[in-house]
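J.: This one is my_file02.txt, compact mmCIF, C-alpha atoms.
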# COMPACT_ATOMS: atom_id res chain seq x y z
CA MET I 1 0.00 0.00 0.00
CA SER I 2 1.68 3.17 -1.17
CA ALA I 3 0.96 6.66 0.07
CA TYR I 4 -0.83 9.16 -2.14
CA SER I 5 1.51 11.06 -4.40
CA GLN I 6 -0.13 14.33 -3.41
CA THR I 7 -1.24 15.42 0.02
CA ILE I 8 -4.04 17.80 0.77
CA SER I 9 -4.93 19.80 3.82
CA LEU I 10 -7.65 22.34 4.32
CA GLU I 11 -8.80 24.86 6.81
CA LEU I 12 -12.31 26.23 7.28
CA ARG I 13 -12.46 29.58 9.06
CA SER I 14 -15.77 30.70 10.55
CA ILE I 15 -17.85 29.15 7.84
CA ASP I 16 -21.59 29.80 8.00
CA ILE I 17 -23.94 27.38 6.34
CA ALA I 18 -27.20 28.75 5.00
CA ARG I 19 -30.11 27.20 3.25
CA GLY I 20 -32.61 29.43 1.48
CA GLY I 21 -30.87 32.49 2.91
CA GLN I 22 -31.29 31.28 6.49
CA ILE I 23 -28.22 30.37 8.53
CA ILE I 24 -28.48 26.82 9.86
CA ALA I 25 -24.95 26.39 11.24
CA SER I 26 -22.55 29.18 11.97
CA GLY I 27 -18.92 29.71 12.85
CA ILE I 28 -17.59 26.34 11.76
CA ASN I 29 -13.82 26.16 12.22
CA LEU I 30 -12.03 23.07 11.08
CA SER I 31 -8.54 22.22 10.04
CA MET I 32 -7.42 18.97 8.47
CA VAL I 33 -3.98 17.63 7.74
CA PRO I 34 -3.13 14.45 5.81
CA GLY I 35 -4.49 11.42 7.64
CA ASP I 36 -7.36 13.28 9.31
CA ILE I 37 -10.76 11.67 9.16
CA ILE I 38 -13.73 13.65 10.37
CA GLN I 39 -17.22 12.34 10.98
CA LEU I 40 -19.98 14.91 10.89
CA PHE I 41 -22.92 14.05 13.07
CA GLY I 42 -26.15 15.93 13.46
CA SER I 43 -29.85 15.48 13.03
CA ASN I 44 -31.58 15.73 9.67
CA GLY I 45 -31.38 19.26 8.38
CA SER I 46 -28.49 20.25 10.65
CA GLY I 47 -26.35 21.15 7.64
CA LYS I 48 -24.14 18.09 7.08
CA THR I 49 -24.91 17.88 3.39
CA SER I 50 -24.73 21.67 2.99
CA LEU I 51 -21.30 21.76 4.61
CA LEU I 52 -20.02 18.95 2.39
CA GLN I 53 -21.48 20.69 -0.67
CA THR I 54 -19.79 23.94 0.31
CA ILE I 55 -16.41 22.24 0.70
CA ALA I 56 -16.97 20.39 -2.57
CA GLY I 57 -17.57 23.71 -4.31
CA LEU I 58 -21.14 22.87 -5.32
CA THR I 59 -22.61 25.64 -3.21
CA PRO I 60 -20.96 29.06 -2.98
CA ILE I 61 -19.54 29.89 0.45
CA TYR I 62 -22.17 31.87 2.36
CA SER I 63 -19.60 33.47 4.62
CA GLY I 64 -16.17 32.53 5.89
CA ASP I 65 -13.14 31.16 4.08
CA ILE I 66 -11.75 27.84 2.99
CA PHE I 67 -7.98 27.56 2.57
CA TRP I 68 -6.43 24.72 0.62
CA HIS I 69 -2.92 23.38 0.80
CA VAL I 70 -1.67 20.90 -1.77
CA ASN I 71 1.68 19.27 -0.96
CA GLU I 72 1.92 21.85 1.82
CA THR I 73 1.82 24.69 -0.67
CA PRO I 74 -1.11 27.10 -0.37
CA MET I 75 -3.44 27.09 -3.36
CA GLN I 76 -4.26 30.59 -4.46
CA THR I 77 -6.90 29.97 -7.07
CA SER I 78 -9.65 27.56 -6.15
CA ARG I 79 -10.45 24.15 -4.76
CA PRO I 80 -8.32 21.29 -6.13
CA ALA I 81 -11.01 19.44 -8.08
CA SER I 82 -8.69 16.73 -9.32
CA LEU I 83 -7.78 15.67 -5.77
CA MET I 84 -11.33 15.13 -4.53
CA SER I 85 -13.72 12.21 -4.53
CA PHE I 86 -17.37 12.88 -3.87
CA ILE I 87 -19.99 10.36 -2.80
CA GLY I 88 -23.47 11.84 -2.86
CA HIS I 89 -26.94 10.62 -2.04
CA HIS I 90 -27.30 8.80 -5.35
CA ALA I 91 -24.79 6.53 -7.00
CA PRO I 92 -23.99 7.92 -10.48
CA VAL I 93 -24.69 4.64 -12.20
CA LYS I 94 -26.18 4.21 -15.67
CA LEU I 95 -28.81 1.53 -15.41
CA ALA I 96 -28.48 0.24 -18.97
CA LEU I 97 -24.76 -0.44 -18.58
CA THR I 98 -23.16 -3.30 -16.67
CA GLY I 99 -21.20 -2.74 -13.49
CA THR I 100 -17.97 -3.25 -15.40
CA GLU I 101 -18.93 -0.74 -18.09
CA ASN I 102 -19.98 1.84 -15.52
CA LEU I 103 -16.69 1.56 -13.70
CA LYS I 104 -14.67 1.61 -16.93
CA TYR I 105 -16.34 4.89 -17.86
CA TRP I 106 -15.18 6.41 -14.58
CA ALA I 107 -11.70 4.95 -15.03
CA GLN I 108 -11.46 6.80 -18.34
CA LEU I 109 -12.65 10.03 -16.75
CA TYR I 110 -10.04 9.71 -14.01
CA GLY I 111 -7.43 9.09 -16.66
CA PHE I 112 -6.62 5.50 -15.70
CA MET I 113 -6.41 2.41 -17.84
CA PRO I 114 -9.34 0.19 -16.81
CA ASP I 115 -6.97 -2.62 -15.76
CA ASN I 116 -7.95 -2.92 -12.15
CA VAL I 117 -11.71 -2.60 -12.70
CA PRO I 118 -12.31 -6.39 -12.35
CA HIS I 119 -10.17 -6.46 -9.22
CA LEU I 120 -12.10 -3.57 -7.66
CA LEU I 121 -15.46 -5.10 -8.52
CA ALA I 122 -14.36 -8.32 -6.82
CA HIS I 123 -13.13 -6.33 -3.83
CA VAL I 124 -16.56 -4.72 -3.27
CA GLY I 125 -18.30 -8.05 -3.76
CA LEU I 126 -19.87 -7.35 -7.13
CA LYS I 127 -18.00 -10.02 -9.09
CA PRO I 128 -21.06 -12.30 -9.50
CA VAL I 129 -23.13 -9.46 -11.01
CA GLN I 130 -20.39 -7.55 -12.84
CA ASN I 131 -21.80 -8.32 -16.27
CA LEU I 132 -25.44 -7.64 -15.42
CA PRO I 133 -27.03 -4.28 -16.26
CA ALA I 134 -26.85 -2.03 -13.21
CA GLY I 135 -30.64 -1.61 -13.47
CA GLN I 136 -30.87 -5.06 -11.89
CA TYR I 137 -28.69 -4.09 -8.93
CA SER I 138 -30.18 -3.50 -5.51
CA ALA I 139 -29.79 -0.08 -3.91
CA GLY I 140 -26.96 -1.45 -1.79
CA GLN I 141 -25.16 -2.93 -4.79
CA LYS I 142 -25.26 0.44 -6.53
CA ARG I 143 -23.71 2.02 -3.44
CA ARG I 144 -21.01 -0.66 -3.52
CA LEU I 145 -20.30 0.25 -7.12
CA ASP I 146 -19.90 3.84 -5.94
CA LEU I 147 -17.40 2.68 -3.31
CA ALA I 148 -15.47 0.98 -6.11
CA ARG I 149 -15.52 4.29 -8.02
CA CYS I 150 -14.13 6.09 -5.01
CA LEU I 151 -11.32 3.51 -4.64
CA LEU I 152 -10.62 3.67 -8.36
CA ALA I 153 -10.08 7.43 -8.35
CA LYS I 154 -7.26 7.23 -5.74
CA ARG I 155 -7.76 10.78 -4.59
CA PRO I 156 -6.46 12.14 -1.31
CA LEU I 157 -9.65 13.92 -0.18
CA TRP I 158 -12.90 12.04 0.20
CA LEU I 159 -16.15 13.92 0.76
CA LEU I 160 -18.70 11.31 1.72
CA ASP I 161 -22.35 12.19 2.21
CA GLU I 162 -23.97 9.28 4.04
CA PRO I 163 -21.94 6.66 2.19
CA THR I 164 -23.38 3.81 4.23
CA SER I 165 -27.09 4.54 3.90
CA SER I 166 -29.01 1.49 2.65
CA LEU I 167 -25.96 -0.72 3.17
CA ASP I 168 -25.72 -4.00 5.07
CA ASP I 169 -23.17 -4.71 7.81
CA ASP I 170 -20.67 -6.29 5.40
CA SER I 171 -20.68 -3.20 3.21
CA ARG I 172 -20.33 -0.95 6.22
CA THR I 173 -17.26 -2.93 7.22
CA LEU I 174 -16.00 -2.57 3.65
CA TRP I 175 -16.34 1.21 3.87
CA ALA I 176 -14.65 1.26 7.27
CA GLN I 177 -11.74 -0.77 5.89
CA ALA I 178 -11.51 1.49 2.86
CA ILE I 179 -11.44 4.60 5.05
CA ASN I 180 -8.79 3.10 7.34
CA ALA I 181 -6.60 2.21 4.35
CA HIS I 182 -7.19 5.71 2.96
CA GLN I 183 -6.01 7.16 6.28
CA GLU I 184 -2.85 5.03 6.28
CA LYS I 185 -2.02 6.35 2.84
CA GLY I 186 -2.25 9.91 4.13
CA GLY I 187 -5.71 10.68 2.81
CA CYS I 188 -8.32 12.96 4.38
CA ALA I 189 -12.03 12.32 4.59
CA ILE I 190 -15.06 14.20 5.77
CA ILE I 191 -18.00 11.92 6.32
CA GLY I 192 -21.54 13.04 6.98
CA THR I 193 -23.28 10.10 8.60
CA HIS I 194 -25.84 8.74 11.02
CA ASP I 195 -24.00 5.43 11.44
CA THR I 196 -21.02 4.95 13.69
CA LEU I 197 -18.29 3.49 11.58
CA ASP I 198 -15.41 1.54 13.06
CA ILE I 199 -12.76 4.10 12.15
CA HIS I 200 -10.33 6.41 13.92
CA SER I 201 -11.91 9.78 13.46
CA ARG I 202 -12.58 13.08 15.06
CA ASP I 203 -16.26 13.73 15.52
CA ILE I 204 -17.96 17.02 14.85
CA ARG I 205 -21.54 17.62 15.78
CA LEU I 206 -23.59 20.16 13.87
CA GLY I 207 -26.75 21.86 15.05
CA MET Q 1 -9.96 16.76 -23.08
CA LEU Q 2 -10.62 14.70 -26.22
CA ALA Q 3 -10.33 11.47 -24.24
CA LEU Q 4 -12.94 12.74 -21.78
CA ILE Q 5 -15.33 13.70 -24.57
CA LYS Q 6 -14.83 10.31 -26.19
CA ALA Q 7 -15.46 8.40 -22.97
CA GLN Q 8 -18.62 10.40 -22.25
CA LEU Q 9 -19.93 10.04 -25.79
CA ALA Q 10 -19.23 6.30 -25.86
CA ARG Q 11 -21.05 5.81 -22.58
CA ASP Q 12 -24.09 7.82 -23.69
CA LEU Q 13 -24.33 6.13 -27.08
CA LYS Q 14 -24.09 2.68 -25.55
CA SER Q 15 -26.55 3.54 -22.80
CA GLY Q 16 -28.94 5.16 -25.29
CA LEU Q 17 -28.87 2.23 -27.69
CA ARG Q 18 -29.58 -0.24 -24.89
CA SER Q 19 -32.37 1.65 -23.21
CA GLY Q 20 -34.84 1.15 -26.01
CA GLY Q 21 -33.82 3.77 -28.53
CA GLY Q 22 -35.11 6.98 -26.98
CA TRP Q 23 -32.56 8.70 -29.22
CA PHE Q 24 -34.77 7.73 -32.16
CA HIS Q 25 -37.61 10.02 -31.00
CA ALA Q 26 -36.33 13.16 -32.71
CA VAL Q 27 -36.09 11.60 -36.16
CA TYR Q 28 -39.40 9.87 -35.71
CA PHE Q 29 -41.06 13.11 -34.59
CA PHE Q 30 -39.58 15.03 -37.52
CA ALA Q 31 -40.73 12.41 -40.04
CA VAL Q 32 -44.25 12.21 -38.61
CA PHE Q 33 -44.60 15.98 -38.22
CA ALA Q 34 -43.43 16.69 -41.78
CA SER Q 35 -45.54 13.93 -43.34
CA PHE Q 36 -48.70 14.99 -41.51
CA MET Q 37 -48.08 18.63 -42.39
CA ALA Q 38 -47.74 17.72 -46.06
CA PHE Q 39 -51.15 16.07 -45.93
CA ALA Q 40 -52.65 18.90 -43.90
CA VAL Q 41 -51.50 21.56 -46.38
CA GLY Q 42 -52.97 19.62 -49.29
CA PRO Q 43 -51.95 18.67 -52.83
CA ASP Q 44 -51.53 22.18 -54.28
CA ARG Q 45 -47.85 22.10 -55.35
CA SER Q 46 -47.18 25.85 -55.27
CA HIS Q 47 -48.83 26.11 -51.89
CA LEU Q 48 -46.78 23.17 -50.54
CA SER Q 49 -43.47 24.50 -51.77
CA SER Q 50 -44.11 27.95 -50.36
CA VAL Q 51 -44.68 26.65 -46.81
CA ALA Q 52 -41.95 23.98 -46.96
CA PRO Q 53 -39.09 26.03 -45.45
CA ALA Q 54 -41.15 27.22 -42.49
CA LEU Q 55 -42.68 23.85 -41.70
CA LEU Q 56 -39.50 21.80 -42.04
CA TRP Q 57 -37.45 24.20 -39.91
CA LEU Q 58 -40.21 24.24 -37.33
CA GLY Q 59 -40.38 20.44 -37.41
CA ALA Q 60 -36.63 20.14 -36.88
CA MET Q 61 -36.68 22.65 -34.06
CA LEU Q 62 -39.52 20.92 -32.23
CA ALA Q 63 -37.92 17.50 -32.78
CA LEU Q 64 -34.62 18.68 -31.31
CA GLN Q 65 -36.33 20.38 -28.37
CA LEU Q 66 -38.14 17.12 -27.72
CA SER Q 67 -35.03 14.96 -27.84
CA ALA Q 68 -32.99 17.44 -25.79
CA THR Q 69 -35.30 17.15 -22.77
CA ASP Q 70 -33.48 13.93 -21.79
CA LEU Q 71 -30.03 15.26 -22.57
CA PHE Q 72 -29.05 16.19 -19.03
CA ALA Q 73 -32.03 14.95 -17.01
CA SER Q 74 -30.88 11.42 -16.22
CA ASP Q 75 -27.33 12.51 -15.34
CA TYR Q 76 -28.84 15.13 -13.09
CA LEU Q 77 -31.13 12.70 -11.28
CA ASP Q 78 -28.45 10.07 -10.60
CA ASP Q 79 -25.88 12.68 -9.45
CA THR Q 80 -23.50 12.11 -12.38
CA ILE Q 81 -23.33 15.86 -13.07
CA ARG Q 82 -22.82 16.57 -9.38
CA VAL Q 83 -19.87 14.19 -9.16
CA LEU Q 84 -18.36 15.52 -12.39
CA ARG Q 85 -18.74 19.06 -11.13
CA VAL Q 86 -16.84 18.24 -7.93
CA GLU Q 87 -14.20 15.91 -9.31
CA GLN Q 88 -13.42 17.34 -12.75
CA PRO Q 89 -11.76 20.70 -13.35
CA SER Q 90 -14.44 21.67 -15.88
CA LEU Q 91 -17.84 20.54 -17.12
CA MET Q 92 -16.92 21.59 -20.66
CA PRO Q 93 -15.87 18.15 -21.97
CA TYR Q 94 -19.15 16.76 -20.65
CA ILE Q 95 -21.16 19.48 -22.39
CA ALA Q 96 -19.20 19.04 -25.62
CA ALA Q 97 -19.95 15.31 -25.52
CA LYS Q 98 -23.65 15.99 -24.98
CA LEU Q 99 -23.75 18.38 -27.95
CA GLY Q 100 -21.98 15.68 -29.96
CA LEU Q 101 -24.55 13.14 -28.81
CA ILE Q 102 -27.58 15.15 -29.91
CA THR Q 103 -25.84 15.90 -33.22
CA LEU Q 104 -25.14 12.23 -33.91
CA THR Q 105 -28.44 10.79 -32.78
CA SER Q 106 -30.93 13.53 -33.66
CA ALA Q 107 -29.73 16.44 -35.75
CA GLY Q 108 -27.59 14.36 -38.12
CA PRO Q 109 -30.31 11.91 -39.08
CA ILE Q 110 -32.80 14.78 -39.51
CA ALA Q 111 -30.38 16.60 -41.81
CA ILE Q 112 -29.87 13.41 -43.84
CA LEU Q 113 -33.63 12.91 -44.13
CA SER Q 114 -34.36 16.51 -45.00
CA PRO Q 115 -33.85 16.37 -48.84
CA LEU Q 116 -36.50 13.66 -48.98
CA TYR Q 117 -38.95 15.88 -47.13
CA PHE Q 118 -38.23 18.91 -49.29
CA VAL Q 119 -39.10 16.68 -52.28
CA ILE Q 120 -42.30 15.57 -50.55
CA PHE Q 121 -43.15 19.27 -50.22
CA ALA Q 122 -43.07 19.57 -54.03
CA ILE Q 123 -39.60 21.02 -54.37
CA GLU Q 124 -37.40 19.99 -57.31
CA PRO Q 125 -34.63 17.57 -56.23
CA ALA Q 126 -31.82 19.95 -57.25
CA ASP Q 127 -33.38 22.72 -55.15
CA ALA Q 128 -34.05 20.27 -52.33
CA PHE Q 129 -30.35 19.49 -52.00
CA ARG Q 130 -29.48 23.16 -51.86
CA ALA Q 131 -32.16 23.70 -49.22
CA SER Q 132 -30.77 20.79 -47.22
CA PHE Q 133 -27.31 22.28 -47.41
CA VAL Q 134 -28.71 25.44 -45.81
CA PHE Q 135 -30.34 23.16 -43.25
CA ILE Q 136 -27.00 21.57 -42.38
CA LEU Q 137 -25.36 24.99 -41.97
CA GLY Q 138 -28.13 26.15 -39.66
CA ILE Q 139 -28.98 23.07 -37.67
CA PRO Q 140 -26.23 23.71 -35.05
CA THR Q 141 -28.20 26.78 -33.97
CA LEU Q 142 -31.22 24.58 -33.35
CA ILE Q 143 -29.09 22.04 -31.45
CA LEU Q 144 -27.67 24.77 -29.22
CA ALA Q 145 -31.06 26.38 -28.66
CA ALA Q 146 -32.51 23.02 -27.67
CA SER Q 147 -29.58 22.29 -25.34
CA VAL Q 148 -29.99 25.61 -23.56
CA SER Q 149 -33.62 24.87 -22.94
CA ALA Q 150 -32.70 21.37 -21.69
CA ALA Q 151 -30.01 22.67 -19.33
CA LEU Q 152 -32.31 25.36 -17.95
CA SER Q 153 -35.19 23.01 -17.34
CA THR Q 154 -32.82 20.47 -15.77
CA GLY Q 155 -31.36 23.06 -13.46
CA MET Q 156 -34.65 24.51 -12.41
CA ARG Q 157 -36.58 21.42 -11.55
CA SER Q 158 -40.25 21.30 -12.41
CA SER Q 159 -40.02 24.45 -14.47
CA GLY Q 160 -39.77 23.01 -17.96
CA LEU Q 161 -41.98 25.81 -19.21
CA LEU Q 162 -39.62 28.45 -17.86
CA GLY Q 163 -36.70 26.72 -19.58
CA ALA Q 164 -38.60 26.72 -22.85
CA CYS Q 165 -39.44 30.42 -22.46
CA LEU Q 166 -35.87 31.41 -21.63
CA SER Q 167 -34.55 29.65 -24.71
CA VAL Q 168 -36.90 31.61 -26.98
CA PRO Q 169 -34.40 34.46 -27.60
CA VAL Q 170 -31.92 31.84 -28.78
CA ALA Q 171 -34.38 29.85 -30.86
CA ILE Q 172 -36.25 32.66 -32.66
CA PRO Q 173 -33.30 34.19 -34.57
CA ALA Q 174 -32.26 30.70 -35.68
CA LEU Q 175 -35.77 30.10 -36.97
CA ILE Q 176 -36.12 33.48 -38.72
CA PHE Q 177 -32.82 33.29 -40.57
CA GLY Q 178 -32.99 29.55 -41.15
CA VAL Q 179 -36.36 29.82 -42.86
CA GLY Q 180 -35.34 33.07 -44.58
CA SER Q 181 -32.20 31.64 -46.13
CA THR Q 182 -33.95 28.44 -47.19
CA ARG Q 183 -36.73 30.44 -48.85
CA ASN Q 184 -34.16 32.63 -50.51
CA THR Q 185 -32.24 29.73 -52.01
CA LEU Q 186 -35.46 28.20 -53.32
CA GLU Q 187 -36.64 31.43 -54.93
CA THR Q 188 -33.40 32.66 -56.45
CA THR Q 189 -31.52 29.37 -57.06
CA SER Q 190 -28.40 31.01 -55.69
CA LEU Q 191 -27.12 29.71 -52.40
CA TRP Q 192 -25.24 32.54 -50.76
CA SER Q 193 -27.71 35.13 -49.48
CA PRO Q 194 -27.49 37.75 -46.73
CA GLU Q 195 -29.84 35.60 -44.64
CA LEU Q 196 -27.51 32.64 -44.97
CA GLN Q 197 -24.56 34.74 -43.95
CA ILE Q 198 -26.42 35.83 -40.84
CA LEU Q 199 -27.41 32.21 -40.17
CA CYS Q 200 -23.76 31.13 -40.37
CA ALA Q 201 -22.79 34.01 -38.11
CA LEU Q 202 -25.47 32.92 -35.63
CA THR Q 203 -24.06 29.38 -35.70
CA LEU Q 204 -20.61 30.69 -34.82
CA ILE Q 205 -21.87 33.11 -32.16
CA TYR Q 206 -24.00 30.42 -30.52
CA LEU Q 207 -21.05 28.02 -30.53
CA VAL Q 208 -19.13 30.55 -28.47
CA ILE Q 209 -21.78 31.83 -26.07
CA VAL Q 210 -24.11 28.90 -25.56
CA PRO Q 211 -21.79 26.27 -23.97
CA PRO Q 212 -20.77 28.55 -21.07
CA PHE Q 213 -24.44 29.38 -20.63
CA ILE Q 214 -25.29 25.66 -20.44
CA MET Q 215 -22.52 25.21 -17.89
CA ALA Q 216 -23.87 28.04 -15.76
CA ALA Q 217 -27.39 26.60 -15.92
CA LEU Q 218 -26.18 23.13 -14.89
CA ARG Q 219 -24.10 24.53 -12.03
CA PHE Q 220 -27.00 26.60 -10.82
CA GLY Q 221 -29.12 23.48 -10.66
CA LEU Q 222 -26.63 21.82 -8.29
CA GLU Q 223 -26.61 24.55 -5.66
Would you encode the structure as structure tokens?
T.:
Amino acid sequence: MSAYSQTISLELRSIDIARGGQIIASGINLSMVPGDIIQLFGSNGSGKTSLLQTIAGLTPIYSGDIFWHVNETPMQTSRPASLMSFIGHHAPVKLALTGTENLKYWAQLYGFMPDNVPHLLAHVGLKPVQNLPAGQYSAGQKRRLDLARCLLAKRPLWLLDEPTSSLDDDSRTLWAQAINAHQEKGGCAIIGTHDTLDIHSRDIRLG
Amino acid sequence: MLALIKAQLARDLKSGLRSGGGWFHAVYFFAVFASFMAFAVGPDRSHLSSVAPALLWLGAMLALQLSATDLFASDYLDDTIRVLRVEQPSLMPYIAAKLGLITLTSAGPIAILSPLYFVIFAIEPADAFRASFVFILGIPTLILAASVSAALSTGMRSSGLLGACLSVPVAIPALIFGVGSTRNTLETTSLWSPELQILCALTLIYLVIVPPFIMAALRFGLE
């Protein structure tokens, strides 16, 4: 297991999270260095998703600042898109394509040869269904395919929005293992979740 | 950049072909619309040929608007666009691939079919090919107009009507000068008219301004 070739750290300074113009969480300060894993807890609507979306650059920052460091050098321009992996509420899976084809598409987008696609599919337990259209996958199997996508991308910052929803215990363990391995390689992760995962993390409670 | 466009296009073509040929709707709509219009206008040849440019351009525009509604919708619903927006430096390769997709599956086949329909509308074959050439020069404006409307209605959920209204300023000039230059080439038998020059200029202008507009609309929908 080799460390990531690039390291990323970030610092949030007095970030306010707003939805529909109304502030739902204010004054969030957070700093992360390589190897930091943070679990965001909080009830529904407490701003976990909004915070992740703000860090991901999907939502403009309402107020406050985010500072990025790549390889310990400050980034002046913007967020480092090519160092992030994002897992959202839905798995971006095309139902007419097989699991293998879906993952190969992402491999091409990440600029990798699709060599280790079969290996990754086996790793997340999708080997028996890898040549079936993803439309026949269960919700959990689609989420597993998304885990495989995240592993495929090999990016040092993971932004995970409830990655384990609709997953069984085995898959939860799989995610926990993946996050632990990610941490050993010097990766960072911010995880919005309701589940307690078996990982070494700092916990932040919103709301 | 080219590799990204290729990967996206390959995925969408494969996915489109397997999910029952929804890509075929535009051509089918164009063929049905034009055939029915020919019957509705009646057998008077001079009457048919005088309305041909307007009806065929309108048919192509409606067909492309129809097929564009799905262009971004499924990628929006399953979070593909969201993930691309976070993980890729730019959405431009994605948008380029989508414009390529609608060109290959909808606009291209319509352009290939169009000489046949000009002939059905009582236009001499030699004139029909010239009219179709004008069609090919102008159809990118219709593609871009349809894509704007698709991106807007994708971004602003449940406001398809608003998207259609906002794309009107893009669609109307394309229609006016498309029909104008086709009519001109049929009446004068020369190809190069002021209308056609404006149509070509519109194509180039839209190629520059519309993709960033689509990107802004898609981004807005993710906020």
J.: Quick one, how far is atom CA of I:Tyr110 from atom CA of I:Ala56?
T.: 17.1 Å
J.: Would you pick out the contacts of stretch 74-91 of chain I at 9 Å or less, using all atoms listed in the file, so that residues sharing its chain but fewer than 5 positions from it are not included, and give the list as a ChimeraX atom specification?
T.: /I:6-8,49,55-57,66-69,110,139,142-147,149-150,153-163,165 /Q:77-80,82-90
J.: Using all atoms listed in the file, which residues sit within 12 Å of stretch 11-24 of chain I once same-chain residues fewer than 2 positions away are excluded, as a PyMOL selection string?
T.: (chain I and resi 8-9+26-34+36+42-55+59-70+74-75+79+206-207) or (chain Q and resi 223)
J.: Quote the spacing between atom CA of Q:Ile143 and atom CA of Q:Ala107 in Å to one decimal place.
T.: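 We find that atom CA of Q:Ile143 and atom CA of Q:Ala107 lie 7.1 Å from each other.
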J.: Identify every residue of chain Q that has at least one atom within 12 Å of any atom of chain I, counting only C-alpha atoms, and report the result as a tab-separated table (two decimals) with C-alpha atoms, in the coordinates of the input.
T.:
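Result written to out-v6.tsv:
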chain	number	residue	atom	x	y	z
Q	1	MET	CA	-9.96	16.76	-23.08
Q	2	LEU	CA	-10.62	14.70	-26.22
Q	3	ALA	CA	-10.33	11.47	-24.24
Q	4	LEU	CA	-12.94	12.74	-21.78
Q	5	ILE	CA	-15.33	13.70	-24.57
Q	6	LYS	CA	-14.83	10.31	-26.19
Q	7	ALA	CA	-15.46	8.40	-22.97
Q	8	GLN	CA	-18.62	10.40	-22.25
Q	9	LEU	CA	-19.93	10.04	-25.79
Q	10	ALA	CA	-19.23	6.30	-25.86
Q	11	ARG	CA	-21.05	5.81	-22.58
Q	12	ASP	CA	-24.09	7.82	-23.69
Q	13	LEU	CA	-24.33	6.13	-27.08
Q	14	LYS	CA	-24.09	2.68	-25.55
Q	15	SER	CA	-26.55	3.54	-22.80
Q	16	GLY	CA	-28.94	5.16	-25.29
Q	17	LEU	CA	-28.87	2.23	-27.69
Q	18	ARG	CA	-29.58	-0.24	-24.89
Q	19	SER	CA	-32.37	1.65	-23.21
Q	20	GLY	CA	-34.84	1.15	-26.01
Q	21	GLY	CA	-33.82	3.77	-28.53
Q	74	SER	CA	-30.88	11.42	-16.22
Q	75	ASP	CA	-27.33	12.51	-15.34
Q	76	TYR	CA	-28.84	15.13	-13.09
Q	77	LEU	CA	-31.13	12.70	-11.28
Q	78	ASP	CA	-28.45	10.07	-10.60
Q	79	ASP	CA	-25.88	12.68	-9.45
Q	80	THR	CA	-23.50	12.11	-12.38
Q	81	ILE	CA	-23.33	15.86	-13.07
Q	82	ARG	CA	-22.82	16.57	-9.38
Q	83	VAL	CA	-19.87	14.19	-9.16
Q	84	LEU	CA	-18.36	15.52	-12.39
Q	85	ARG	CA	-18.74	19.06	-11.13
Q	86	VAL	CA	-16.84	18.24	-7.93
Q	87	GLU	CA	-14.20	15.91	-9.31
Q	88	GLN	CA	-13.42	17.34	-12.75
Q	89	PRO	CA	-11.76	20.70	-13.35
Q	90	SER	CA	-14.44	21.67	-15.88
Q	91	LEU	CA	-17.84	20.54	-17.12
Q	93	PRO	CA	-15.87	18.15	-21.97
Q	94	TYR	CA	-19.15	16.76	-20.65
Q	216	ALA	CA	-23.87	28.04	-15.76
Q	218	LEU	CA	-26.18	23.13	-14.89
Q	219	ARG	CA	-24.10	24.53	-12.03
Q	220	PHE	CA	-27.00	26.60	-10.82
Q	221	GLY	CA	-29.12	23.48	-10.66
Q	222	LEU	CA	-26.63	21.82	-8.29
Q	223	GLU	CA	-26.61	24.55	-5.66
J.: With only C-alpha atoms as the atoms that count, which of Q:Val134, Q:Leu191, Q:Ile120, Q:Ala54 lies nearest to Q:Gly42?
T.: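 Going through Q:Val134, Q:Leu191, Q:Ile120, Q:Ala54 one by one, the smallest distance to Q:Gly42 is for Q:Ile120.
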J.: Please compute the atom CA of I:Asp203-atom CA of I:Gln39 distance, one decimal, in Å.
T.: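 Between atom CA of I:Asp203 and atom CA of I:Gln39 the gap is 4.8 Å.
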J.: Please provide the set of residues having any atom within 12 Å of Q:Glu187, restricted to only C-alpha atoms, with same-chain residues fewer than 2 positions apart removed, written as a ChimeraX atom specification.
T.: /Q:46,49-50,53,123-124,127-128,130-131,180-185,189-191,193
J.: Find the residues around Q:Arg45 up to 12 Å (all atoms listed in the file counted), leave out those fewer than 6 positions away in its own chain, and share them as a JSON list (two decimals) with C-alpha atoms, keeping the file's coordinate frame.
T.:
[["chain", "number", "residue", "atom", "x", "y", "z"],
["Q", 38, "ALA", "CA", -47.74, 17.72, -46.06],
["Q", 39, "PHE", "CA", -51.15, 16.07, -45.93],
["Q", 51, "VAL", "CA", -44.68, 26.65, -46.81],
["Q", 52, "ALA", "CA", -41.95, 23.98, -46.96],
["Q", 118, "PHE", "CA", -38.23, 18.91, -49.29],
["Q", 119, "VAL", "CA", -39.10, 16.68, -52.28],
["Q", 120, "ILE", "CA", -42.30, 15.57, -50.55],
["Q", 121, "PHE", "CA", -43.15, 19.27, -50.22],
["Q", 122, "ALA", "CA", -43.07, 19.57, -54.03],
["Q", 123, "ILE", "CA", -39.60, 21.02, -54.37],
["Q", 124, "GLU", "CA", -37.40, 19.99, -57.31]]
J.: Do a neighbour search on Q:Leu99 at 8 Å with all atoms listed in the file, toss out local chain neighbours closer than 3 positions, and write the hits as a compact mmCIF listing (two decimals) with C-alpha atoms, in the frame of the given file.
T.:
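Saved the output as part_15.txt:
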# COMPACT_ATOMS: atom_id res chain seq x y z
CA ILE Q 95 -21.16 19.48 -22.39
CA ALA Q 96 -19.20 19.04 -25.62
CA ILE Q 102 -27.58 15.15 -29.91
CA THR Q 103 -25.84 15.90 -33.22
CA ILE Q 143 -29.09 22.04 -31.45
CA LEU Q 144 -27.67 24.77 -29.22
CA SER Q 147 -29.58 22.29 -25.34
